[in-house]
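Asks: Supplied structure: structure15.txt, compact mmCIF, C-alpha atoms and all ligand atoms.
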```txt
# COMPACT_ATOMS: atom_id res chain seq x y z
CA MET Z 51 -22.40 20.90 19.96
CA ASN Z 52 -21.98 21.26 16.21
CA ILE Z 53 -18.70 20.39 14.52
CA PRO Z 54 -18.36 21.60 10.92
CA VAL Z 55 -17.04 19.26 8.21
CA LYS Z 56 -16.01 21.48 5.33
CA ALA Z 57 -15.53 18.83 2.67
CA LYS Z 58 -14.98 20.29 -0.81
CA SER Z 59 -17.94 18.51 -2.40
CA HIS Z 60 -20.36 19.31 0.43
CA ALA Z 61 -20.06 21.03 3.80
CA TYR Z 62 -22.16 19.79 6.71
CA GLU Z 63 -22.15 19.43 10.49
CA VAL Z 64 -21.78 16.71 13.08
CA GLN Z 65 -24.40 17.43 15.75
CA ILE Z 66 -23.13 15.64 18.85
CA GLY Z 67 -25.00 15.51 22.15
CA ALA Z 68 -26.93 13.28 24.52
CA ASN Z 69 -30.67 12.77 23.96
CA ASN Z 70 -30.50 15.17 21.02
CA LEU Z 71 -31.93 12.92 18.27
CA THR Z 72 -35.35 14.52 17.81
CA GLU Z 73 -34.00 18.04 17.79
CA ALA Z 74 -31.17 17.09 15.42
CA VAL Z 75 -33.51 15.41 12.93
CA LYS Z 76 -35.89 18.40 13.08
CA SER Z 77 -33.02 20.68 12.06
CA PHE Z 78 -33.46 19.11 8.60
CA ASN Z 79 -37.16 19.99 8.46
CA ASP Z 80 -36.81 22.05 5.27
CA GLN Z 81 -35.46 19.05 3.34
CA LEU Z 82 -37.40 16.31 5.13
CA SER Z 83 -40.79 17.97 4.85
CA LYS Z 84 -40.32 17.96 1.06
CA ALA Z 85 -39.14 14.33 0.86
CA ASP Z 86 -41.55 11.92 -0.88
CA LYS Z 87 -40.27 9.06 1.26
CA ILE Z 88 -37.99 8.70 4.26
CA ILE Z 89 -36.15 5.40 4.61
CA VAL Z 90 -34.17 4.25 7.64
CA PHE Z 91 -31.54 1.55 7.19
CA THR Z 92 -30.50 -0.16 10.39
CA ASP Z 93 -29.30 -3.59 11.51
CA GLU Z 94 -31.09 -6.36 13.37
CA LYS Z 95 -29.22 -5.89 16.67
CA VAL Z 96 -29.60 -2.14 16.76
CA TRP Z 97 -33.25 -2.42 15.81
CA GLN Z 98 -33.93 -5.07 18.43
CA LEU Z 99 -32.41 -2.84 21.10
CA HIS Z 100 -33.66 0.57 20.00
CA SER Z 101 -36.66 0.37 17.64
CA GLU Z 102 -39.13 1.55 20.26
CA ARG Z 103 -37.09 4.49 21.41
CA PHE Z 104 -36.05 5.46 17.88
CA THR Z 105 -39.61 5.33 16.58
CA ALA Z 106 -40.79 7.52 19.46
CA GLU Z 107 -38.01 10.04 18.90
CA PHE Z 108 -37.91 10.21 15.11
CA PRO Z 109 -40.28 13.05 14.21
CA TYR Z 110 -41.36 11.98 10.69
CA PRO Z 111 -43.10 8.93 9.21
CA PHE Z 112 -40.53 6.48 7.80
CA GLU Z 113 -40.10 2.99 6.36
CA VAL Z 114 -37.40 0.78 7.83
CA ASN Z 115 -35.09 -1.74 6.17
CA VAL Z 116 -33.40 -4.01 8.72
CA LEU Z 117 -30.03 -5.37 7.58
CA ALA Z 118 -27.89 -8.22 8.90
CA ALA Z 119 -25.69 -6.97 11.74
CA GLY Z 120 -21.99 -6.23 11.28
CA GLU Z 121 -19.86 -6.87 8.20
CA ALA Z 122 -22.58 -9.21 6.87
CA CYS Z 123 -24.37 -6.11 5.56
CA LYS Z 124 -21.35 -4.85 3.62
CA THR Z 125 -21.82 -7.42 0.84
CA PHE Z 126 -22.87 -7.14 -2.76
CA ASP Z 127 -26.03 -9.14 -1.99
CA SER Z 128 -27.18 -6.75 0.72
CA PHE Z 129 -26.23 -3.76 -1.46
CA PHE Z 130 -28.43 -5.16 -4.24
CA ALA Z 131 -31.24 -6.03 -1.80
CA ALA Z 132 -31.12 -2.48 -0.41
CA HIS Z 133 -31.59 -1.08 -3.93
CA SER Z 134 -34.50 -3.50 -4.45
CA PHE Z 135 -36.05 -2.22 -1.22
CA LEU Z 136 -35.79 1.41 -2.35
CA LEU Z 137 -37.35 0.53 -5.71
CA GLU Z 138 -40.15 -1.48 -4.08
CA GLN Z 139 -40.83 1.50 -1.81
CA LYS Z 140 -41.11 3.64 -4.96
CA CYS Z 141 -38.30 5.89 -3.81
CA THR Z 142 -37.20 8.66 -6.15
CA ARG Z 143 -34.60 11.40 -6.21
CA LYS Z 144 -36.88 13.24 -3.79
CA SER Z 145 -36.44 10.48 -1.18
CA PHE Z 146 -34.18 10.71 1.87
CA VAL Z 147 -32.19 7.92 3.48
CA PHE Z 148 -30.94 7.57 7.08
CA ALA Z 149 -28.26 5.17 8.35
CA PHE Z 150 -29.08 4.27 11.96
CA GLY Z 151 -26.32 2.01 13.26
CA GLY Z 152 -22.57 1.46 13.37
CA GLY Z 153 -19.95 1.81 10.68
CA ALA Z 154 -21.14 -1.20 8.71
CA VAL Z 155 -24.69 0.15 8.34
CA GLY Z 156 -23.27 3.60 7.61
CA ASP Z 157 -20.84 2.40 4.93
CA LEU Z 158 -23.50 0.27 3.19
CA THR Z 159 -26.22 2.92 3.38
CA GLY Z 160 -23.89 5.64 2.16
CA PHE Z 161 -22.90 3.56 -0.85
CA VAL Z 162 -26.55 2.74 -1.61
CA ALA Z 163 -27.43 6.45 -1.35
CA ALA Z 164 -24.46 7.34 -3.58
CA THR Z 165 -25.63 4.96 -6.30
CA PHE Z 166 -29.45 4.92 -6.13
CA MET Z 167 -30.58 6.84 -9.23
CA ARG Z 168 -26.95 8.12 -9.24
CA GLY Z 169 -27.28 9.71 -5.82
CA ILE Z 170 -29.90 10.66 -3.25
CA PRO Z 171 -29.29 12.49 0.05
CA PHE Z 172 -28.52 10.59 3.24
CA ILE Z 173 -27.90 11.32 6.91
CA GLN Z 174 -25.79 9.34 9.35
CA ILE Z 175 -27.16 8.50 12.82
CA PRO Z 176 -24.20 6.64 14.35
CA THR Z 177 -24.76 4.26 17.26
CA THR Z 178 -21.21 3.06 17.95
CA ILE Z 179 -18.04 4.67 19.30
CA LEU Z 180 -16.26 3.55 16.17
CA ALA Z 181 -18.73 5.49 14.05
CA HIS Z 182 -17.36 8.82 15.36
CA ASP Z 183 -14.88 7.97 12.60
CA SER Z 184 -16.93 6.09 9.99
CA ALA Z 185 -19.93 8.45 9.90
CA VAL Z 186 -17.74 11.45 9.09
CA GLY Z 187 -15.87 12.13 5.87
CA GLY Z 188 -17.87 10.39 3.17
CA LYS Z 189 -16.01 7.13 2.63
CA THR Z 190 -18.74 4.61 1.73
CA ALA Z 191 -18.14 1.02 0.69
CA ILE Z 192 -18.89 -2.66 0.66
CA ASN Z 193 -16.27 -5.41 0.95
CA HIS Z 194 -15.05 -7.80 -1.73
CA PRO Z 195 -13.93 -11.26 -0.56
CA LEU Z 196 -10.46 -10.31 -1.87
CA GLY Z 197 -10.22 -7.07 0.08
CA LYS Z 198 -11.76 -4.63 2.53
CA ASN Z 199 -13.92 -1.71 1.28
CA MET Z 200 -12.95 -2.47 -2.30
CA ILE Z 201 -16.19 -1.26 -3.90
CA GLY Z 202 -17.37 2.19 -2.90
CA ALA Z 203 -17.49 5.91 -3.43
CA PHE Z 204 -16.66 9.17 -1.73
CA TYR Z 205 -20.13 10.51 -0.96
CA GLN Z 206 -20.75 12.95 1.85
CA PRO Z 207 -23.83 12.76 4.09
CA GLN Z 208 -26.07 15.79 4.52
CA GLY Z 209 -25.30 15.63 8.22
CA VAL Z 210 -24.23 13.42 11.11
CA LEU Z 211 -26.60 13.25 14.08
CA TYR Z 212 -24.69 11.69 16.95
CA ASP Z 213 -26.80 11.01 20.04
CA ILE Z 214 -24.26 9.36 22.31
CA SER Z 215 -26.91 8.20 24.80
CA TYR Z 216 -27.51 5.36 22.30
CA LEU Z 217 -23.93 4.14 22.96
CA SER Z 218 -24.76 2.90 26.46
CA SER Z 219 -26.02 -0.45 25.10
CA LEU Z 220 -22.71 -1.26 23.38
CA PRO Z 221 -21.07 -4.50 24.52
CA GLU Z 222 -17.53 -4.16 25.87
CA ARG Z 223 -16.01 -5.70 22.75
CA GLU Z 224 -17.53 -2.94 20.58
CA VAL Z 225 -16.40 -0.26 23.03
CA ARG Z 226 -12.86 -1.64 22.70
CA SER Z 227 -13.10 -1.78 18.92
CA GLY Z 228 -14.36 1.78 18.71
CA MET Z 229 -11.72 3.12 21.08
CA ALA Z 230 -9.03 1.82 18.69
CA GLU Z 231 -10.03 4.56 16.22
CA VAL Z 232 -9.90 7.13 19.04
CA ILE Z 233 -6.37 5.89 19.79
CA LYS Z 234 -5.58 6.20 16.07
CA HIS Z 235 -6.78 9.80 16.00
CA ALA Z 236 -4.72 10.60 19.10
CA SER Z 237 -1.64 8.85 17.67
CA ILE Z 238 -1.62 10.85 14.46
CA PHE Z 239 -2.55 14.14 16.09
CA ASP Z 240 -1.47 14.76 19.67
CA GLU Z 241 1.12 13.20 21.96
CA LYS Z 242 -0.55 14.58 25.12
CA TRP Z 243 -3.93 13.16 24.16
CA LEU Z 244 -2.43 9.73 23.53
CA ALA Z 245 -0.50 9.90 26.83
CA ASN Z 246 -3.75 10.76 28.58
CA LEU Z 247 -5.45 7.68 27.07
CA MET Z 248 -2.47 5.46 27.88
CA GLU Z 249 -2.49 6.62 31.49
CA ALA Z 250 -6.20 5.91 32.02
CA ASN Z 251 -7.00 2.96 34.28
CA SER Z 252 -9.25 1.65 31.55
CA ILE Z 253 -10.33 3.19 28.27
CA LEU Z 254 -13.42 0.99 28.29
CA HIS Z 255 -15.22 2.69 31.16
CA PHE Z 256 -15.09 6.42 30.58
CA SER Z 257 -17.96 8.52 31.91
CA GLN Z 258 -20.32 9.88 29.25
CA VAL Z 259 -18.69 13.31 29.64
CA GLU Z 260 -15.15 11.97 29.22
CA LEU Z 261 -16.17 9.79 26.29
CA ALA Z 262 -17.87 12.75 24.59
CA ARG Z 263 -14.64 14.75 24.93
CA HIS Z 264 -12.61 12.02 23.19
CA LEU Z 265 -15.21 11.56 20.46
CA GLU Z 266 -15.44 15.30 19.78
CA GLN Z 267 -11.68 15.52 19.57
CA GLY Z 268 -11.55 12.55 17.17
CA ILE Z 269 -14.26 14.10 14.99
CA ARG Z 270 -12.35 17.41 14.88
CA VAL Z 271 -9.16 15.66 13.78
CA LYS Z 272 -11.04 13.81 11.07
CA ALA Z 273 -13.06 16.83 9.92
CA ASP Z 274 -9.95 18.96 9.65
CA ILE Z 275 -8.16 16.37 7.50
CA VAL Z 276 -11.21 15.74 5.28
CA ALA Z 277 -11.55 19.50 4.71
CA GLN Z 278 -7.98 19.57 3.38
CA ASP Z 279 -8.09 16.40 1.29
CA GLU Z 280 -11.51 14.85 0.73
CA GLU Z 281 -10.45 12.11 -1.70
CA GLU Z 282 -7.22 10.94 -0.09
CA HIS Z 283 -4.60 12.36 -2.41
CA SER Z 284 -2.40 13.55 0.48
CA VAL Z 285 -3.06 14.09 4.20
CA ARG Z 286 -6.20 11.92 4.32
CA LYS Z 287 -3.85 8.94 4.08
CA PHE Z 288 -2.90 9.68 7.71
CA LEU Z 289 -6.38 8.46 8.77
CA ASN Z 290 -5.28 5.08 7.48
CA PHE Z 291 -2.66 4.67 10.25
CA GLY Z 292 -2.75 1.00 11.29
CA HIS Z 293 -5.03 0.02 8.42
CA THR Z 294 -2.63 -1.53 5.87
CA TYR Z 295 -1.67 -4.48 8.05
CA GLY Z 296 -4.97 -4.18 10.00
CA HIS Z 297 -7.16 -4.61 6.92
CA ALA Z 298 -5.03 -7.57 5.78
CA ILE Z 299 -5.56 -9.35 9.12
CA GLU Z 300 -9.26 -8.41 9.10
CA ALA Z 301 -9.81 -9.75 5.56
CA ALA Z 302 -7.70 -12.90 6.08
CA SER Z 303 -9.70 -13.72 9.22
CA GLY Z 304 -12.96 -13.55 7.25
CA PHE Z 305 -15.01 -10.35 7.51
CA GLY Z 306 -16.78 -10.04 10.84
CA LYS Z 307 -14.55 -12.48 12.73
CA LEU Z 308 -12.33 -9.70 14.06
CA ALA Z 309 -13.93 -6.36 14.86
CA HIS Z 310 -12.49 -3.56 12.71
CA GLY Z 311 -10.87 -1.81 15.67
CA GLU Z 312 -9.34 -5.05 16.96
CA ALA Z 313 -7.58 -5.43 13.61
CA VAL Z 314 -6.56 -1.77 13.48
CA MET Z 315 -4.94 -2.09 16.93
CA ILE Z 316 -2.73 -4.91 15.58
CA GLY Z 317 -2.01 -2.78 12.51
CA MET Z 318 -1.01 0.21 14.65
CA VAL Z 319 1.53 -1.89 16.56
CA TYR Z 320 2.92 -3.13 13.23
CA ALA Z 321 3.17 0.49 12.01
CA LEU Z 322 4.92 1.55 15.24
CA ILE Z 323 7.58 -1.15 14.84
CA LEU Z 324 8.11 0.06 11.28
CA SER Z 325 8.14 3.69 12.45
CA GLU Z 326 11.10 2.91 14.75
CA ARG Z 327 13.25 2.71 11.59
CA TYR Z 328 12.18 6.04 10.13
CA GLY Z 329 11.78 8.46 13.06
CA THR Z 330 12.09 8.82 16.79
CA ILE Z 331 9.60 6.20 17.99
CA SER Z 332 11.56 3.97 20.35
CA PRO Z 333 11.20 0.24 20.99
CA THR Z 334 10.40 1.20 24.59
CA PHE Z 335 7.44 3.25 23.42
CA THR Z 336 6.18 0.46 21.17
CA ARG Z 337 6.43 -1.95 24.09
CA SER Z 338 4.47 0.42 26.35
CA PHE Z 339 1.83 0.77 23.62
CA ILE Z 340 1.45 -3.03 23.46
CA ASP Z 341 1.20 -3.21 27.25
CA PHE Z 342 -1.49 -0.51 27.13
CA ALA Z 343 -3.38 -2.50 24.48
CA LEU Z 344 -3.15 -5.76 26.46
CA ARG Z 345 -4.22 -4.00 29.68
CA ASN Z 346 -7.36 -2.93 27.87
CA GLY Z 347 -8.10 -6.39 26.54
CA TYR Z 348 -6.90 -6.08 22.93
CA SER Z 349 -5.52 -9.34 21.57
CA PHE Z 350 -2.73 -10.13 19.13
CA ASP Z 351 -3.66 -13.80 18.72
CA ALA Z 352 -4.95 -13.30 15.18
CA VAL Z 353 -1.43 -12.66 13.86
CA ASN Z 354 -0.30 -16.20 14.52
CA LYS Z 355 -3.24 -17.67 12.64
CA PHE Z 356 -1.62 -16.64 9.34
CA THR Z 357 1.75 -16.77 7.68
CA PHE Z 358 3.12 -13.62 6.10
CA GLU Z 359 2.54 -15.25 2.70
CA GLN Z 360 -1.16 -15.59 3.52
CA LEU Z 361 -1.38 -11.90 4.40
CA GLN Z 362 0.70 -10.67 1.49
CA GLY Z 363 -2.05 -10.80 -1.16
CA TYR Z 364 -4.35 -8.70 1.03
CA LEU Z 365 -1.54 -6.27 1.88
CA MET Z 366 -0.81 -5.68 -1.79
CA LYS Z 367 -4.46 -4.65 -2.34
CA ASP Z 368 -4.17 -1.74 0.07
CA LYS Z 369 -5.72 1.28 -1.65
CA LYS Z 370 -2.70 3.46 -0.91
CA ALA Z 371 -0.38 1.21 -2.94
CA GLU Z 372 0.95 2.79 -6.12
CA TYR Z 373 2.66 1.02 -9.04
CA GLY Z 374 2.73 -2.17 -6.97
CA VAL Z 375 4.59 -0.52 -4.07
CA LEU Z 376 3.07 -0.37 -0.59
CA GLN Z 377 2.70 2.94 1.21
CA PHE Z 378 2.51 2.86 4.99
CA VAL Z 379 1.41 5.63 7.30
CA LEU Z 380 4.18 5.92 9.90
CA LEU Z 381 4.89 8.28 12.76
CA LYS Z 382 8.04 10.44 12.95
CA GLN Z 383 6.90 10.90 16.51
CA ILE Z 384 3.47 10.72 18.11
CA GLY Z 385 1.29 13.31 16.43
CA GLU Z 386 3.50 13.54 13.34
CA PRO Z 387 2.39 11.11 10.64
CA PHE Z 388 3.98 10.71 7.22
CA VAL Z 389 3.68 8.29 4.32
CA GLN Z 390 6.54 5.97 3.44
CA GLN Z 391 6.98 3.51 0.58
CA ILE Z 392 7.94 0.08 1.91
CA SER Z 393 9.25 -2.92 -0.01
CA VAL Z 394 7.65 -6.35 0.41
CA GLU Z 395 10.93 -7.57 1.92
CA GLU Z 396 10.84 -4.93 4.63
CA CYS Z 397 7.15 -5.60 5.17
CA GLN Z 398 7.97 -9.26 5.77
CA GLU Z 399 10.80 -8.36 8.14
CA ILE Z 400 8.47 -6.20 10.25
CA ASP Z 401 5.90 -9.00 10.25
CA ARG Z 402 8.62 -11.24 11.70
CA LEU Z 403 9.57 -8.65 14.33
CA LEU Z 404 5.91 -8.25 15.29
CA ARG Z 405 5.62 -11.99 15.90
CA VAL Z 406 8.81 -12.02 18.01
CA LEU Z 407 7.59 -9.07 20.06
CA ILE Z 408 4.18 -10.62 20.67
CA GLU Z 409 5.84 -13.83 21.85
CA GLU Z 410 8.17 -11.89 24.16
CA VAL Z 411 5.36 -9.82 25.66
CA LEU Z 412 3.11 -12.79 26.23
CA ALA Z 413 5.89 -15.01 27.66
N1 LIG A 1 -16.25 5.07 6.27
C1 LIG A 1 -15.25 5.24 7.10
O1 LIG A 1 -14.57 6.27 7.10
C2 LIG A 1 -14.95 4.17 8.09
C3 LIG A 1 -14.12 4.45 9.20
C4 LIG A 1 -13.89 3.45 10.13
C5 LIG A 1 -14.51 2.20 9.99
N2 LIG A 1 -15.31 1.99 8.91
C6 LIG A 1 -16.03 0.72 8.79
O2 LIG A 1 -16.96 0.65 9.87
C7 LIG A 1 -17.18 -0.72 10.20
C8 LIG A 1 -17.01 -0.91 11.67
O3 LIG A 1 -17.88 -0.05 12.36
P1 LIG A 1 -18.61 -0.50 13.70
O4 LIG A 1 -17.66 -1.11 14.63
O5 LIG A 1 -19.46 0.62 14.14
O6 LIG A 1 -19.41 -1.70 13.10
P2 LIG A 1 -20.84 -2.32 13.07
O7 LIG A 1 -21.79 -1.44 12.36
O8 LIG A 1 -20.60 -3.68 12.53
O9 LIG A 1 -21.26 -2.40 14.60
C9 LIG A 1 -20.61 -3.28 15.44
C10 LIG A 1 -21.62 -4.18 16.19
O10 LIG A 1 -22.26 -3.39 17.17
C11 LIG A 1 -23.68 -3.51 17.07
N3 LIG A 1 -24.23 -2.24 17.52
C12 LIG A 1 -24.26 -1.07 16.84
N4 LIG A 1 -24.75 -0.09 17.64
C13 LIG A 1 -25.05 -0.66 18.82
C14 LIG A 1 -25.56 -0.16 20.05
N5 LIG A 1 -25.83 1.13 20.23
N6 LIG A 1 -25.74 -1.04 21.07
C15 LIG A 1 -25.41 -2.35 20.91
N7 LIG A 1 -24.91 -2.88 19.78
C16 LIG A 1 -24.72 -2.03 18.75
C17 LIG A 1 -23.93 -3.84 15.63
O11 LIG A 1 -25.15 -4.51 15.46
C18 LIG A 1 -22.73 -4.73 15.30
O12 LIG A 1 -23.00 -6.05 15.72
C19 LIG A 1 -16.21 -1.53 9.37
O13 LIG A 1 -16.88 -2.08 8.27
C20 LIG A 1 -15.19 -0.51 8.92
O14 LIG A 1 -14.58 -0.86 7.72
C21 LIG A 1 -15.54 2.93 7.98
O1 LIG A 2 -11.64 8.18 6.63
C1 LIG A 2 -10.58 7.68 6.23
O2 LIG A 2 -9.95 8.14 5.30
C2 LIG A 2 -10.06 6.46 6.89
O3 LIG A 2 -9.11 5.86 6.40
C3 LIG A 2 -10.73 6.01 8.15
C4 LIG A 2 -10.53 4.54 8.47
O4 LIG A 2 -10.70 4.41 9.87
C5 LIG A 2 -11.58 3.63 7.82
O5 LIG A 2 -11.45 2.33 8.32
C6 LIG A 2 -11.64 3.63 6.33
O6 LIG A 2 -12.82 2.99 5.88
C7 LIG A 2 -10.50 2.91 5.67
O7 LIG A 2 -10.53 3.24 4.35
P1 LIG A 2 -9.86 2.40 3.19
O8 LIG A 2 -9.78 3.42 2.10
O9 LIG A 2 -8.51 1.94 3.66
O10 LIG A 2 -10.75 1.25 2.90
ZN ZN A 3 -10.81 2.33 10.39
```
Please lay out the structure from this file as structure tokens.
Ligand SMILES: NC(=O)c1ccc[n+]([C@@H]2O[C@H](COP(=O)([O-])OP(=O)(O)OC[C@H]3O[C@@H](n4cnc5c(N)ncnc54)[C@H](O)[C@@H]3O)[C@@H](O)[C@H]2O)c1
Ligand SMILES: O=C(O)C(=O)C[C@@H](O)[C@H](O)[C@H](O)COP(=O)(O)O
Ligand SMILES: [Zn+2]
Replies:
Amino acid sequence: MNIPVKAKSHAYEVQIGANNLTEAVKSFNDQLSKADKIIVFTDEKVWQLHSERFTAEFPYPFEVNVLAAGEACKTFDSFFAAHSFLLEQKCTRKSFVFAFGGGAVGDLTGFVAATFMRGIPFIQIPTTILAHDSAVGGKTAINHPLGKNMIGAFYQPQGVLYDISYLSSLPEREVRSGMAEVIKHASIFDEKWLANLMEANSILHFSQVELARHLEQGIRVKADIVAQDEEEHSVRKFLNFGHTYGHAIEAASGFGKLAHGEAVMIGMVYALILSERYGTISPTFTRSFIDFALRNGYSFDAVNKFTFEQLQGYLMKDKKAEYGVLQFVLLKQIGEPFVQQISVEECQEIDRLLRVLIEEVLA
């Protein structure tokens, strides 16, 4: 199935299927047959698991650059090393880059492609559930120790080739992390979809067919928003639901300690408590959302490792903040997101309420 992403700067497709890698790569034959070099960026875990299969299925000669797994590859050092690799390989503007891995590989590779000789084409080959989100929409970045995704660019891939048969090797923790972004897409888009997820016995053990349905739906939500607002001046902010507090917890923990989706789940609960004050989300719903999260193995322990004061500096670096005032994505109701300015005092009050609620639920 092909899902169009009509971003203003460049329109492309997400080709999603099972065992579709070879065919999907071949669909770029016109461009790839003219490339002077094809480079694949991947990470050490993905390569250890899938190098044999990938090499057999990838229909062109390529050179591979194996990065450190996880957030460790979203650093300035690995960004610089990736550029060195491309230069050593004598890459030019006629070269073509692939990102074969999860969101970390995709974000790093995209930023390298955006900046190498001021921009060369790249294609995303996502291998995680989470990357149904990260591979689409052209946000590329590395982290700065002071904040998440602080150095980056909007740079769209030429295409996204999603062969979900590669997801079967994901450990449960990464399934959980990835499903948090599915829950985010459902929360900002469709009450029935979220209810369906919340009613599932477990969101960690969907069949391939069910999982594909959720991923396709998530990609459609994202593609539709990116088509309206590629560079996050308006509705794209909605895709940041759960990320203001989530990114603060993720950064404070030290990148890679919490998985991105684990942090976003905490951030979504924070945003729901805040939403109770501005719309029709009820405390009962928030409580049922926490129960749903706990049932599926999400943890809120990270919150109590930090004081609000320790999180505040990271919160204030949220990219949506304007003139020193935080903007949160809240829900009027499920499926109806909006952006609200929030004072630091209110932010601190919600942080306190979150801690009380966690204690109550876990008691
Ligand atoms: N650009 C965007 O729009 C966007 C959106 C969401 C998240 N992100 C970013 O994406 C990153 C998180 O993405 P992620 O969770 O995919 O991270 P990841 O790339 O770190 O992958 C998570 C872990 O799973 C392993 N892995 C990957 N594929 C595997 C497979 N098929 N089988 C077994 N193990 C596999 C990786 O080696 C890694 O250890 C964060 O840096 C986040 O900021 C970006
Ligand atoms: O695509 C977007 O826009 C998103 O916000 C998707 C998020 O899931 C993703 O984590 C994104 O990288 C966060 O962006 P940031 O601008 O807050 O760093
Ligand atoms: Zn995210």
Asks: Listed atoms of ligand LIG 2 (chain A), axis-aligned box, 4 Å per side: centre and edge lengths to one decimal in Å, as JSON?
Replies:
```
{"center_x": -10.7, "center_y": 4.7, "center_z": 6.0, "size_x": 12.3, "size_y": 14.9, "size_z": 15.8}
```
Asks: Measuring between all atoms listed in the file, which one of Z:Ala61, Z:Met366, Z:Leu117, Z:Ala245 shows the shortest distance to Ser393 in chain Z?
Replies: Z:Met366
Asks: Compute the set of protein, DNA and RNA residues whose minimum atom distance to ligand LIG 2 (chain A) is at most 8 Å, using only C-alpha atoms and all ligand atoms, and state it as a list in words.
Replies: Asp183, Ser184, Val186, Gly187, Gly188, Lys189, Thr190, Ala191, Lys198, Asn199, Met200, Glu231, Lys272, Val276, Glu282, Arg286, Lys287, Phe288, Leu289, Asn290, Phe291, His293, Thr294, His297, His310, Asp368, Lys369 and Lys370 of chain Z
Asks: Within 7 Å of (-16.5, -4.8, 16.7) in the file's own coordinates, which protein, DNA or RNA residues have an atom, counting all atoms listed in the file? List them as a PDB file with C-alpha atoms, in the coordinates of the input.
Replies:
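out_27.pdb, written as the output of this step:
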```
ATOM      1  CA  ARG Z 223     -16.010  -5.700  22.750  1.00  0.00           C
ATOM      2  CA  GLU Z 224     -17.530  -2.940  20.580  1.00  0.00           C
ATOM      3  CA  SER Z 227     -13.100  -1.780  18.920  1.00  0.00           C
ATOM      4  CA  LEU Z 308     -12.330  -9.700  14.060  1.00  0.00           C
ATOM      5  CA  ALA Z 309     -13.930  -6.360  14.860  1.00  0.00           C
ATOM      6  CA  HIS Z 310     -12.490  -3.560  12.710  1.00  0.00           C
ATOM      7  CA  GLY Z 311     -10.870  -1.810  15.670  1.00  0.00           C
TER       8      GLY Z 311
END
```
Asks: Give me the residues near Ser325 in chain Z as a PyMOL selection string, where near means some atom within 10 Å (using only C-alpha atoms) and where sequence neighbours in that chain fewer than 6 positions away do not count.
Replies: chain Z and resi 319+331-333+336+378-383+387-388+390
Asks: Could you work out how far CA of Leu99 in chain Z lies from CA of Gly304 in chain Z, giving the answer in Å with one decimal?
Replies: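 It comes out at 26.2 Å.
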Asks: Could you name the residues that touch range 257-260 of chain Z at 9 Å or less, counting all atoms listed in the file, but leaving out those on the same chain fewer than 4 positions away, as a ChimeraX atom specification?
Replies: /Z:68,214-215,218,264-265
Asks: What is the CA of Phe78 in chain Z to CA of Ala106 in chain Z distance in Å?
Replies: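 Straight-line distance from CA of Phe78 in chain Z to CA of Ala106 in chain Z works out to 17.5 Å.
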Asks: Let me make sure I understand: among Z:Glu73, Z:Glu63, Z:Asp127, Z:Glu326, which one has the smallest atom-to-atom distance to Gln174 in chain Z if we use all atoms listed in the file?
Replies: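 Using all atoms listed in the file, the shortest distance to Gln174 in chain Z belongs to Z:Glu63.
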Asks: Which residue out of Z:Ala371, Z:Ala118, Z:Val90, Z:Ile323 has the minimum interatomic distance to ligand LIG 1 (chain A) when all atoms listed in the file are used?
Replies: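 So, comparing all the options, the nearest one is Z:Ala118.
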Asks: Quick check, in Å to one decimal: how far apart do atom P2 of ligand LIG 1 (chain A) and CA of Gly153 in chain Z lie?
Replies: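 Between atom P2 of ligand LIG 1 (chain A) and CA of Gly153 in chain Z the gap is 4.9 Å.
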Asks: Quick one: residues within 10 Å of Ala236 in chain Z, only C-alpha atoms counted, chain neighbours fewer than 6 positions away excluded, as a PyMOL selection string?
Replies: chain Z and resi 230+242-247+264+267-268+271+384-385
Asks: In terms of the shortest atom-to-atom distance over only C-alpha atoms, which of Z:Ile179, Z:Ala85, Z:Leu407, Z:Met315 is closest to Leu254 in chain Z?
Replies: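 For Leu254 in chain Z, the nearest of the candidates is Z:Ile179.
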Asks: When distances are computed from all atoms listed in the file, which of Z:Glu107, Z:Glu102, Z:Glu249, Z:Asp86 shows the smallest separation from Asp341 in chain Z?
Replies: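 Closest to Asp341 in chain Z of all the choices is Z:Glu249.
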Asks: Given the point (-0.1, -12.7, 15.2) in the file's coordinates, find the residues that have an atom at most 12 Å from it, counting only C-alpha atoms, and give them as a PyMOL selection string.
Replies: chain Z and resi 295-296+298-300+302-303+313+315-317+319-320+349-358+361+400-409+412
Asks: Name all residues at most 10 Å from Met248 in chain Z (count only C-alpha atoms; drop same-chain ones fewer than 6 positions away) and give them as a list of chain:residue names.
Replies: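 Returned residues: Z:Ile233, Z:Lys242, Z:Ser338, Z:Phe339, Z:Asp341, Z:Phe342, Z:Ala343, Z:Arg345, Z:Asn346.
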Asks: Which residues, written as a PyMOL selection string, have at least one atom at most 12 Å from Ser128 in chain Z, with only C-alpha atoms counted and residues fewer than 6 positions away on the same chain left out?
Replies: chain Z and resi 91+93+115-122+134-135+154-155+157-159+161-162+191-193
Asks: Pick from Z:Ala74, Z:Ala181, Z:Leu217, Z:Leu196: nearest to ligand ZN 3 (chain A), with all atoms listed in the file counted?
Replies: Z:Ala181
